[in-house]
Amino acid sequence: MADTYSPSQEQAEGIIKLSGEIGVHHLDDLYECLKDRFVLEQDLTIDCQEVAQMDTAAIQILIAFKKSLTKGHKLTIKNISPALEKVWEIIGVKQMFLKE
Amino acid sequence: MEQDELLQIYFSEAEELLQTMEHSLMTLESDPQNQSVINEVFRAMHTMKSSSAMLGFTQLSEHTHLLENLMERIRSKQLSITQNLVSFLLENHDLIKSAVESAAQGKPDVGLDAFPAMAEKVKRFLGLAAEQEEGRVTAPITTGMSGGQKESSKGSYYEINMRFRKDIFQTGQDPLMLLYELGDLAEIISVETDLSSLPPFMEMDPFQLYLAWRLLIKTDRPLSTIEKVFVFVQEDELNQISIRDVSSHFRDGVDTRMANKPLGEILIDQKLVSEQEIQEVLTQQKKVGEALLEKGKISPAELNNIVDLQEKSRAVLRKSTVRVDTDKLDQLANMVEEMTIQLARISAILGDLPPDVTRKLGSEPDSLNRIGREVQEQVMRLRMFPIEGTFQRFQRMARDLAREQHKQIKIILGGGETELDKDVIEHINDPLTHIIRNCIGHGIEVPDERKQSGKSPEGIINLNAYQQEGKIYIKISDDGRGIDAEAVRQKAIERGLIKENDQPLPEEIYKFLFIPGFSTAKKVSSISGRGVGMDVVQNNIQQLGGTIDIFSEKGKGTTFVIKLPLTLAVIDGMYVGVGADIFVIPLLTVLSTAKLEKGNLKTIEGKGEVVRLGDSYVPLIHLDRLLGIERRQTDTEPLVVFVSSEKRILGLGVDEILDHQQVVIKNLEKNFRRISGIAGGAIMPDGSVALVLDVYGLDHLFFGRNRVHELVH
């Protein structure tokens, strides 16, 4: 399957929509996009409805983001597909993302 | 196996099962919904039924069968737990217990006549249950096993640690693929992701891998198949992969390592909470689980699941222990001790050999000695038991006494895992019983009285055990009415122990309660009855080499603090020479040593000599005079060993200080009567016997004559 990935922010402020297979080739985009959000110190929601797959490097970015959030700010991940949930379970971070 | 041996196993197992039953039933009284406790009672009844049948105790087996049915109703939620039902089950427990005890004493037919009537009652409960059953759907029994552990117990367990080179992504590899592959070959029981190397988000390089993993897998496949998964990454030295067979820790699919892990650690392992969250709740004076629940960090279901898993782990571990007769343990301890003595003698001989021989021997004798010491320590550890069982018995006693006296009492246990020497555990039971009875009978007020003084109607007794500075502490405290120090003082004046205008400190006043017969006189109630038999309590504790102190505040409560030596059997000792004799002073009591110089001595009229220690003077005891030993004329200057006797610092005058060594204390009372000031005997490396001094006893011996006087000064 071809890599089709795009972080888009067309929706309301504070929501990032991810789609496609998020792999090592799109790390820069994903990291930069989250960095912009990080400095704003806001609650953030990531919509994963259109995410087909994620690799370890991408997951690691999300973990670092979640871990580094200042107190009082939340990262919510919504529309998680069973496939994505399975990946997180195998990597051992499912509880971390699904809690809250 | 001999029938006799089988019977012994049966009786000790029955005792344990009955203890579990009793403890669990008491838990159910306050937590009637706790399914894992209900299961525990059920399992205990079930095991009791089967083993009784096996050994021909038919009536016991039949009765426990009925009770098992009753428990099954409770388990399947057809019957709910009420206080009456718990009381009824406890009555049944008592009946079974007394029948088992009679059987153990060789009277299997005694106490059986009460069974038919009780059986009828159980049947009535069961009949009642049948009525309740109508219109109810039987809920399936869940065992609470987590997903990963439900298959058969076949297969091996491996722990895999994986840490990869940081730039692994650039090589086109992804650990995820390896994890997938493993998932195809084995059941992945747990994955722990190590995030400790992960930098803050803004500082990370997204192209580097910071994560590492620890996996627990279970598989029927050979180890080589699992190793093949890593064949490519393992070629690179920068990838660190280790696979360890941990099957020995698993029994019946349960990780037995969980049994002894603190709950907090398990919750972290399972990623349910973070280490920081545990640290935060640890600062509170609450149970970790409860505190986390309150803060909403975990759900009740998550907590129950973990507690259940841990219980299973403990149950499995219990099953895998071996029962050993304590006589055999003692024999083993004796033999190990003889071995250590022989080793020490050999060491002494080796020391006299010519250098070329000792050079050849190298460090071998030292390692042999080290191993000997380790074996000795391990054997001594076999004698250690957690105090939990003893504590639990008091819970039942308190419940029954409180009911009798129309009081409401809650016992809070802490430190049940603290281990004590088996001899100490056996001998500590009576004093503890006495103290707790006093707390319930005289300390805790009736609910109305408590309400009037602004307390909650339910009185609290805290039982706590812990280890500190080489000693075991047992603390018993109540939040009752406390001791009226003034009443005790008056009593002491009445008895002529102090003068009218003496105003001793409260701690010193409470010590009067330990004087035989002090408060057994008529006006017991005026000092809340404390002191009845307290002298016996103190004696029992002193015989164990311990001490007891009382702290109390009128209207607020009383605390008893018992300090006991860690073990009765082995101590680090300092050998000292007095005249021609050698004594051992327990090193724990030794503060310092010095030359006994004339300039540092003073004589106080009527009180004997004192010796300077720093800026103050402490009483000096000449061991030769106290113990009636003839002094040797030596050229050596006399020395003083400063020791702490709990009450005060003492200087012990000795002729020489010889050596430090671990010694096994031998009880002398089998052959001699108890000698004040002597804790026991120890065998020296040359085979001769040295007496071990009991510093507390020496203090007693030296000051005993002026005891009352000394109590208030």
# chains A, B, ... in the order shown; residues from 1 in each chain; ligands from 1
$ closest_atom_pairs --of "chain B" --to "chain A" --cutoff "6 Å" --atoms "only C-alpha atoms" --output "JSON lines"
{"residue": "B:Val191", "atom": "CA", "partner": "A:Gly92", "partner_atom": "CA", "distance": 5.0}
{"residue": "B:Glu192", "atom": "CA", "partner": "A:Gly92", "partner_atom": "CA", "distance": 5.9}
{"residue": "B:Thr193", "atom": "CA", "partner": "A:Gly92", "partner_atom": "CA", "distance": 5.7}
{"residue": "B:Pro200", "atom": "CA", "partner": "A:Ser68", "partner_atom": "CA", "distance": 5.7}
{"residue": "B:Phe201", "atom": "CA", "partner": "A:Ala64", "partner_atom": "CA", "distance": 4.9}
$ residues_around --residues "Thr45 in chain A" --least-positions-apart "6" --cutoff "10 Å" --atoms "only C-alpha atoms" --output "VMD selection string"
chain A and resid 13 to 17 74 to 78
$ residues_around --residues "Arg163 in chain B" --least-positions-apart "6" --cutoff "9 Å" --atoms "only C-alpha atoms" --output "NGL selection string"
:B and (210-214 or 238-241)
$ residues_around --residues "range 477-481 of chain B" --least-positions-apart "5" --cutoff "7 Å" --atoms "only C-alpha atoms" --output "PDB file with N, CA and C atoms, in the first residue's frame"
ATOM      1  N   CYS B 439      -6.785  -3.538  76.518  1.00  0.00           N
ATOM      2  CA  CYS B 439      -7.226  -2.440  75.651  1.00  0.00           C
ATOM      3  C   CYS B 439      -8.741  -2.496  75.462  1.00  0.00           C
ATOM      4  N   GLY B 443      -9.511  -0.045  78.151  1.00  0.00           N
ATOM      5  CA  GLY B 443      -9.100   1.127  77.389  1.00  0.00           C
ATOM      6  C   GLY B 443     -10.261   1.720  76.609  1.00  0.00           C
ATOM      7  N   ILE B 444     -10.810   0.926  75.706  1.00  0.00           N
ATOM      8  CA  ILE B 444     -11.887   1.421  74.831  1.00  0.00           C
ATOM      9  C   ILE B 444     -13.193   1.569  75.622  1.00  0.00           C
ATOM     10  N   GLU B 445     -13.829   2.723  75.457  1.00  0.00           N
ATOM     11  CA  GLU B 445     -15.075   2.987  76.171  1.00  0.00           C
ATOM     12  C   GLU B 445     -16.268   2.417  75.408  1.00  0.00           C
ATOM     13  N   GLY B 459     -14.252   2.206  68.593  1.00  0.00           N
ATOM     14  CA  GLY B 459     -12.892   2.340  69.105  1.00  0.00           C
ATOM     15  C   GLY B 459     -11.919   1.657  68.167  1.00  0.00           C
ATOM     16  N   ILE B 460     -10.694   2.153  68.145  1.00  0.00           N
ATOM     17  CA  ILE B 460      -9.713   1.568  67.226  1.00  0.00           C
ATOM     18  C   ILE B 460      -8.519   1.034  67.989  1.00  0.00           C
ATOM     19  N   ILE B 461      -8.145  -0.191  67.684  1.00  0.00           N
ATOM     20  CA  ILE B 461      -6.903  -0.743  68.236  1.00  0.00           C
ATOM     21  C   ILE B 461      -5.957  -0.992  67.067  1.00  0.00           C
ATOM     22  N   ASN B 462      -4.803  -0.399  67.148  1.00  0.00           N
ATOM     23  CA  ASN B 462      -3.803  -0.579  66.094  1.00  0.00           C
ATOM     24  C   ASN B 462      -2.763  -1.587  66.538  1.00  0.00           C
ATOM     25  N   LEU B 463      -2.521  -2.567  65.691  1.00  0.00           N
ATOM     26  CA  LEU B 463      -1.470  -3.551  65.992  1.00  0.00           C
ATOM     27  C   LEU B 463      -0.449  -3.419  64.884  1.00  0.00           C
ATOM     28  N   LYS B 554      -4.397  10.791  78.997  1.00  0.00           N
ATOM     29  CA  LYS B 554      -5.735  10.645  79.546  1.00  0.00           C
ATOM     30  C   LYS B 554      -6.773  11.120  78.528  1.00  0.00           C
ATOM     31  N   GLY B 555      -7.770  10.276  78.289  1.00  0.00           N
ATOM     32  CA  GLY B 555      -8.833  10.631  77.359  1.00  0.00           C
ATOM     33  C   GLY B 555      -8.490  10.349  75.907  1.00  0.00           C
ATOM     34  N   LYS B 556      -7.210  10.138  75.592  1.00  0.00           N
ATOM     35  CA  LYS B 556      -6.834   9.963  74.182  1.00  0.00           C
ATOM     36  C   LYS B 556      -6.450   8.534  73.831  1.00  0.00           C
ATOM     37  N   GLY B 557      -5.901   7.817  74.802  1.00  0.00           N
ATOM     38  CA  GLY B 557      -5.536   6.439  74.489  1.00  0.00           C
ATOM     39  C   GLY B 557      -4.204   6.032  75.077  1.00  0.00           C
ATOM     40  N   THR B 558      -3.863   4.761  74.850  1.00  0.00           N
ATOM     41  CA  THR B 558      -2.639   4.206  75.419  1.00  0.00           C
ATOM     42  C   THR B 558      -1.880   3.447  74.347  1.00  0.00           C
ATOM     43  N   THR B 559      -0.563   3.525  74.401  1.00  0.00           N
ATOM     44  CA  THR B 559       0.263   2.767  73.461  1.00  0.00           C
ATOM     45  C   THR B 559       1.273   1.918  74.233  1.00  0.00           C
ATOM     46  N   PHE B 560       1.361   0.661  73.864  1.00  0.00           N
ATOM     47  CA  PHE B 560       2.378  -0.223  74.423  1.00  0.00           C
ATOM     48  C   PHE B 560       3.414  -0.468  73.343  1.00  0.00           C
TER      49      PHE B 560
END
$ closest_residue --among "B:Leu185, B:Met202, B:Leu60, B:Val336" --to "Cys33 in chain A" --atoms "only C-alpha atoms"
B:Met202
$ residues_around --residues "range 170-172 of chain B" --least-positions-apart "3" --cutoff "12 Å" --atoms "only C-alpha atoms" --output "PyMOL selection string"
(chain A and resi 23-25+55-57) or (chain B and resi 164-167+175-177+206-209+232-233+236)
$ residues_around --residues "His434 in chain B" --least-positions-apart "3" --cutoff "12 Å" --atoms "only C-alpha atoms" --output "list in words"
Phe394, Met397, Ala398, Ile428, Asn429, Asp430, Pro431, Arg437, Asn438, Cys439, Ile440, Gly441, His442, Ile476, Arg530, Gly531, Val532, Gly533, Met534, Asp535, Val536, Val537, Gln538, Asn540 and Phe560 of chain B
$ select_by_dssp --residues "range 220-454 of chain B" --states "helix (DSSP H, G or I)" --output "PyMOL selection string"
chain B and resi 223-229+231-234+247-249+256-260+263-269+275-282+288-294+300-319+326-351+355-361+364-382+388-404+422-443+447-452
$ atom_distance --atom1 "CA of Ile9 in chain B" --atom2 "CA of Ser52 in chain B"
11.5 Å
